[in-house]
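Enquirer: My structure is stored as structure-v3.cif, with mmCIF, C-alpha atoms.
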```cif
data_final
loop_
_atom_site.label_atom_id
_atom_site.label_comp_id
_atom_site.auth_asym_id
_atom_site.auth_seq_id
_atom_site.Cartn_x
_atom_site.Cartn_y
_atom_site.Cartn_z
CA GLY X 264 -25.59 25.66 17.42
CA ALA X 265 -26.57 24.72 13.90
CA GLY X 266 -30.19 24.26 13.00
CA VAL X 267 -31.75 21.68 10.72
CA SER X 268 -30.15 21.71 7.30
CA GLN X 269 -31.45 20.31 4.05
CA SER X 270 -29.91 19.75 0.66
CA PRO X 271 -30.26 20.56 -2.09
CA SER X 272 -32.19 23.78 -1.59
CA ASN X 273 -33.62 23.48 -5.09
CA LYS X 274 -33.96 20.48 -7.37
CA VAL X 275 -35.31 20.45 -10.90
CA THR X 276 -35.76 17.04 -12.46
CA GLU X 277 -37.46 15.42 -15.37
CA LYS X 278 -40.52 13.27 -14.97
CA GLY X 279 -39.58 9.66 -14.39
CA LYS X 280 -36.21 10.36 -12.78
CA ASP X 281 -35.35 9.44 -9.18
CA VAL X 282 -34.39 12.10 -6.64
CA GLU X 283 -32.81 12.03 -3.19
CA LEU X 284 -33.38 14.72 -0.61
CA ARG X 285 -31.18 14.98 2.46
CA CYS X 286 -31.85 16.21 5.97
CA ASP X 287 -29.34 16.87 8.75
CA PRO X 288 -31.21 17.27 12.04
CA ILE X 289 -30.06 19.19 15.07
CA SER X 290 -27.39 17.21 16.87
CA GLY X 291 -28.86 15.09 19.66
CA HIS X 292 -32.42 15.21 18.37
CA THR X 293 -33.84 11.70 18.32
CA ALA X 294 -37.02 12.43 16.37
CA LEU X 295 -37.03 13.44 12.72
CA TYR X 296 -40.00 14.28 10.49
CA TRP X 297 -40.56 14.77 6.81
CA TYR X 298 -43.37 17.02 5.59
CA ARG X 299 -44.45 18.30 2.22
CA GLN X 300 -45.84 21.72 1.41
CA SER X 301 -47.63 22.16 -1.88
CA LEU X 302 -49.94 24.87 -3.18
CA GLY X 303 -52.99 22.72 -3.35
CA GLN X 304 -52.55 20.67 -0.17
CA GLY X 305 -50.81 22.93 2.33
CA LEU X 306 -48.52 21.19 4.80
CA GLU X 307 -48.82 17.43 5.11
CA PHE X 308 -47.02 14.79 7.15
CA LEU X 309 -45.01 12.16 5.28
CA ILE X 310 -42.98 10.08 7.74
CA TYR X 311 -41.56 10.15 11.24
CA PHE X 312 -38.37 8.57 12.60
CA GLN X 313 -37.57 7.81 16.20
CA GLY X 314 -33.88 6.99 16.14
CA ASN X 315 -33.33 4.90 13.03
CA SER X 316 -36.76 3.32 12.96
CA ALA X 317 -39.87 4.69 11.32
CA PRO X 318 -42.89 3.85 13.47
CA ASP X 319 -45.17 5.81 11.19
CA LYS X 320 -44.90 5.74 7.41
CA SER X 321 -48.59 6.26 6.83
CA GLY X 322 -48.20 9.70 5.29
CA LEU X 323 -46.10 8.54 2.36
CA PRO X 324 -48.34 9.17 -0.68
CA SER X 325 -47.26 6.13 -2.71
CA ASP X 326 -44.73 3.31 -2.84
CA ARG X 327 -42.52 5.55 -4.97
CA PHE X 328 -41.62 7.38 -1.76
CA SER X 329 -39.20 5.91 0.75
CA ALA X 330 -37.01 7.26 3.51
CA GLU X 331 -34.24 6.05 5.72
CA ARG X 332 -32.26 7.34 8.61
CA THR X 333 -28.83 6.08 9.54
CA GLY X 334 -26.83 6.48 12.71
CA GLY X 335 -29.77 8.23 14.32
CA SER X 336 -28.85 11.36 12.43
CA VAL X 337 -28.98 12.07 8.68
CA SER X 338 -32.09 11.11 6.79
CA THR X 339 -32.71 10.68 3.08
CA LEU X 340 -36.08 10.90 1.37
CA THR X 341 -36.10 9.17 -2.01
CA ILE X 342 -38.73 9.64 -4.68
CA GLN X 343 -38.60 7.16 -7.51
CA ARG X 344 -40.01 7.76 -10.99
CA THR X 345 -40.97 11.32 -10.14
CA GLN X 346 -44.29 12.70 -11.34
CA GLN X 347 -45.34 16.30 -11.83
CA GLU X 348 -47.64 16.09 -8.82
CA ASP X 349 -44.56 15.45 -6.67
CA SER X 350 -43.53 19.09 -7.18
CA ALA X 351 -43.56 20.73 -3.76
CA VAL X 352 -41.33 21.97 -0.97
CA TYR X 353 -40.12 19.06 1.14
CA LEU X 354 -39.49 20.05 4.73
CA CYS X 355 -37.59 18.23 7.40
CA ALA X 356 -37.98 18.89 11.12
CA SER X 357 -36.41 17.46 14.23
CA SER X 358 -37.24 17.42 17.91
CA LEU X 359 -35.40 16.34 21.01
CA HIS X 360 -37.80 13.47 21.61
CA GLY X 361 -40.78 12.07 19.79
CA THR X 362 -43.51 11.89 22.37
CA GLY X 363 -46.97 12.51 21.05
CA GLY X 364 -46.19 15.82 19.41
CA THR X 365 -45.36 17.45 22.71
CA ASN X 366 -41.89 18.54 21.73
CA THR X 367 -41.05 21.67 19.79
CA GLN X 368 -40.19 20.79 16.22
CA TYR X 369 -37.42 22.73 14.48
CA PHE X 370 -37.86 23.02 10.75
CA GLY X 371 -35.23 23.07 8.05
CA PRO X 372 -35.35 25.52 5.12
CA GLY X 373 -36.80 22.92 2.79
CA THR X 374 -35.97 21.53 -0.63
CA ARG X 375 -38.01 22.94 -3.48
CA LEU X 376 -38.60 20.11 -5.96
CA THR X 377 -39.81 20.86 -9.46
CA VAL X 378 -40.67 17.99 -11.76
CA LEU X 379 -40.84 18.99 -15.42
CA LYS C 752 -57.39 11.61 12.28
CA ASN C 753 -57.38 15.07 13.76
CA GLU C 754 -58.84 17.83 11.62
CA VAL C 755 -57.67 21.41 12.07
CA GLU C 756 -59.62 24.49 11.05
CA GLN C 757 -58.18 27.99 11.09
CA SER C 758 -59.83 31.34 10.68
CA PRO C 759 -59.63 33.75 9.08
CA GLN C 760 -57.79 32.50 5.99
CA ASN C 761 -56.70 36.04 5.13
CA LEU C 762 -56.40 39.10 7.33
CA THR C 763 -55.26 42.60 6.48
CA ALA C 764 -54.91 45.11 9.29
CA GLN C 765 -53.31 48.45 10.05
CA GLU C 766 -50.15 48.80 12.07
CA GLY C 767 -50.91 48.89 15.77
CA GLU C 768 -54.10 46.85 15.62
CA PHE C 769 -54.76 43.88 17.90
CA ILE C 770 -54.83 40.68 15.87
CA THR C 771 -56.61 37.41 16.67
CA ILE C 772 -56.25 34.16 14.74
CA ASN C 773 -58.37 31.18 15.70
CA CYS C 774 -57.80 27.43 15.51
CA SER C 775 -60.17 24.54 16.21
CA TYR C 776 -59.40 20.83 16.18
CA SER C 777 -61.54 17.73 16.25
CA VAL C 778 -59.81 15.24 18.55
CA GLY C 779 -58.35 15.68 22.03
CA ILE C 780 -54.65 16.46 21.95
CA SER C 781 -51.56 16.55 24.12
CA ALA C 782 -50.26 19.84 22.74
CA LEU C 783 -50.96 22.42 20.07
CA HIS C 784 -48.34 24.24 18.01
CA TRP C 785 -48.38 27.71 16.47
CA LEU C 786 -45.94 28.22 13.60
CA GLN C 787 -44.91 31.25 11.56
CA GLN C 788 -43.80 31.30 7.94
CA HIS C 789 -42.56 34.50 6.29
CA PRO C 790 -42.88 34.82 2.50
CA GLY C 791 -40.13 32.77 0.94
CA GLY C 792 -38.90 31.87 4.38
CA GLY C 793 -38.70 28.87 6.60
CA ILE C 794 -41.10 27.75 9.30
CA VAL C 795 -40.48 28.85 12.86
CA SER C 796 -42.15 27.42 15.92
CA LEU C 797 -43.75 30.20 17.97
CA PHE C 798 -45.51 28.29 20.71
CA MET C 799 -46.29 24.81 21.90
CA LEU C 800 -48.96 24.71 24.57
CA SER C 801 -51.15 22.15 26.26
CA SER C 802 -53.13 24.38 28.62
CA GLY C 803 -53.73 27.97 29.59
CA LYS C 804 -51.76 30.77 28.05
CA LYS C 805 -48.23 31.54 26.87
CA LYS C 806 -46.70 34.93 26.05
CA HIS C 807 -43.62 35.85 24.09
CA GLY C 808 -43.07 39.52 23.43
CA ARG C 809 -46.15 40.83 21.62
CA LEU C 810 -47.46 37.34 20.89
CA ILE C 811 -49.93 35.54 23.13
CA ALA C 812 -51.31 32.04 22.62
CA THR C 813 -54.23 30.59 24.53
CA ILE C 814 -55.86 27.19 24.49
CA ASN C 815 -59.14 25.80 25.79
CA ILE C 816 -58.80 22.02 25.90
CA GLN C 817 -62.47 21.40 26.68
CA GLU C 818 -63.64 23.42 23.70
CA LYS C 819 -60.79 22.18 21.44
CA HIS C 820 -59.92 25.73 20.51
CA SER C 821 -56.83 27.93 20.51
CA SER C 822 -56.18 31.56 19.65
CA LEU C 823 -53.05 33.44 18.68
CA HIS C 824 -53.03 37.15 19.48
CA ILE C 825 -50.64 39.84 18.32
CA THR C 826 -50.63 43.10 20.24
CA ALA C 827 -49.44 46.39 18.69
CA SER C 828 -49.06 44.71 15.30
CA HIS C 829 -46.20 45.76 13.04
CA PRO C 830 -45.54 45.25 9.31
CA ARG C 831 -42.79 42.75 10.18
CA ASP C 832 -45.53 40.53 11.66
CA SER C 833 -46.79 39.97 8.11
CA ALA C 834 -46.52 36.23 7.56
CA VAL C 835 -48.53 33.02 7.40
CA TYR C 836 -49.51 31.70 10.82
CA ILE C 837 -50.17 27.98 11.02
CA CYS C 838 -51.83 25.96 13.74
CA ALA C 839 -50.80 22.30 14.10
CA VAL C 840 -51.73 19.39 16.35
CA PRO C 841 -50.43 15.82 16.68
CA LEU C 842 -51.77 13.25 14.27
CA MET C 843 -54.04 10.61 15.72
CA TYR C 844 -53.93 7.09 14.34
CA SER C 845 -55.64 4.00 15.54
CA GLY C 846 -52.28 2.38 16.21
CA GLY C 847 -51.22 5.23 18.44
CA GLY C 848 -47.75 6.61 18.82
CA ALA C 849 -47.82 8.81 15.71
CA ASP C 850 -45.82 11.90 16.40
CA GLY C 851 -46.10 13.89 13.21
CA LEU C 852 -48.25 16.99 13.01
CA THR C 853 -51.34 17.79 11.03
CA PHE C 854 -51.75 21.40 10.02
CA GLY C 855 -54.37 24.02 9.45
CA LYS C 856 -54.34 25.77 6.09
CA GLY C 857 -52.80 28.87 7.63
CA THR C 858 -53.79 32.48 8.06
CA HIS C 859 -52.19 34.96 5.66
CA LEU C 860 -51.65 38.12 7.73
CA ILE C 861 -50.70 41.46 6.19
CA ILE C 862 -50.01 44.45 8.43
CA GLN C 863 -50.05 47.72 6.54
CA PRO C 864 -48.01 50.70 7.77
#
```
Step by step, read the file and then write its structure as structure tokens.
Expert:
Amino acid sequence: GAGVSQSPSNKVTEKGKDVELRCDPISGHTALYWYRQSLGQGLEFLIYFQGNSAPDKSGLPSDRFSAERTGGSVSTLTIQRTQQEDSAVYLCASSLHGTGGTNTQYFGPGTRLTVL
Amino acid sequence: KNEVEQSPQNLTAQEGEFITINCSYSVGISALHWLQQHPGGGIVSLFMLSSGKKKHGRLIATINIQEKHSSLHITASHPRDSAVYICAVPLMYSGGGADGLTFGKGTHLIIQP
């Protein structure tokens, strides 16, 4: 079956613009995660969804970042008023259940965001 | 919050050598993940383990829960094993229930022919 897909694969934007990143998890996976991978910080957790709710938003770096998930499937990560430090690869992952990190997480290919 | 330390950060070896990558974490966990990322490629989950040892092909992962330590071994290493290997454990928050992962900085492995 299909894996986790993300779009766009690359996004170049100007500082101050808003961007939306999309994630399509594996069908039937109830848990969905957003991570960010940047040169200086490595991989870091942003937000986690169980179904449509986000029990943990603590990794979002500022109030410019928000995410939603609808229908227990597709998720969108929105960054408002982008800054150059937002440049990174944004990764989405999904797992069958979200139970204390004890489920294998399947990663998408990522969206490379460049803020000029 | 769990802290994850990996060593070595960089490792260059000759084809056929036995490779060991180490991972230590600070807080007790339910499971530990080993991930692989090829240059320019996506992240693939290699193992998730909560005790003992797991083997897949030439890859072996072990974990010692008491010592909060895990190792990833590669036997008969091959140039196609060249990648970044990342250790990850569940985040720990005071509110509980957090299911995201926190990651080590990765080990850059190069296997020369």
Enquirer: For Ser350 in chain X, which residue among X:Thr374, X:Ser290, X:Gln269, X:Thr333 is the nearest when counting all atoms listed in the file?
Expert: X:Thr374
Enquirer: Pick the closest to chain X from C:Ile780, C:Val755, C:Ile861, C:Ile825: which is it, counting only C-alpha atoms?
Expert: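 Comparing C:Ile780, C:Val755, C:Ile861, C:Ile825 against chain X, the winner is C:Ile780.
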Enquirer: I want to know what sits within 8 Å of range 318-327 of chain X, based on all atoms listed in the file, with residues of the same chain fewer than 4 positions away left out; could you give that as a ChimeraX atom specification?
Expert: /X:307-313,341-345 /C:848-849
Enquirer: Counting only C-alpha atoms, which residues of chain X come no farther than 8 Å from chain C, as a list in words?
Expert: Tyr296, Gly305, Leu306, Glu307, Phe308, Ile310, Tyr311, Pro318, Asp319, Gly361, Thr362, Gly363, Gly364, Thr365, Asn366, Thr367, Gln368, Tyr369, Phe370, Gly371, Pro372 and Gly373 of chain X
Enquirer: Set the distance at 7 Å and use all atoms listed in the file: which residues neighbour Glu756 in chain C once local chain neighbours fewer than 4 positions away are removed? I'd like the list as an MDAnalysis selection string.
Expert: chainID C and resid 774:776 855
Enquirer: Please determine, counting all atoms listed in the file, which residue among X:Arg299, X:His292, X:Arg332, X:His360 has the shortest atom-to-atom distance to Arg375 in chain X.
Expert: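 Smallest distance to Arg375 in chain X is found for X:Arg299.
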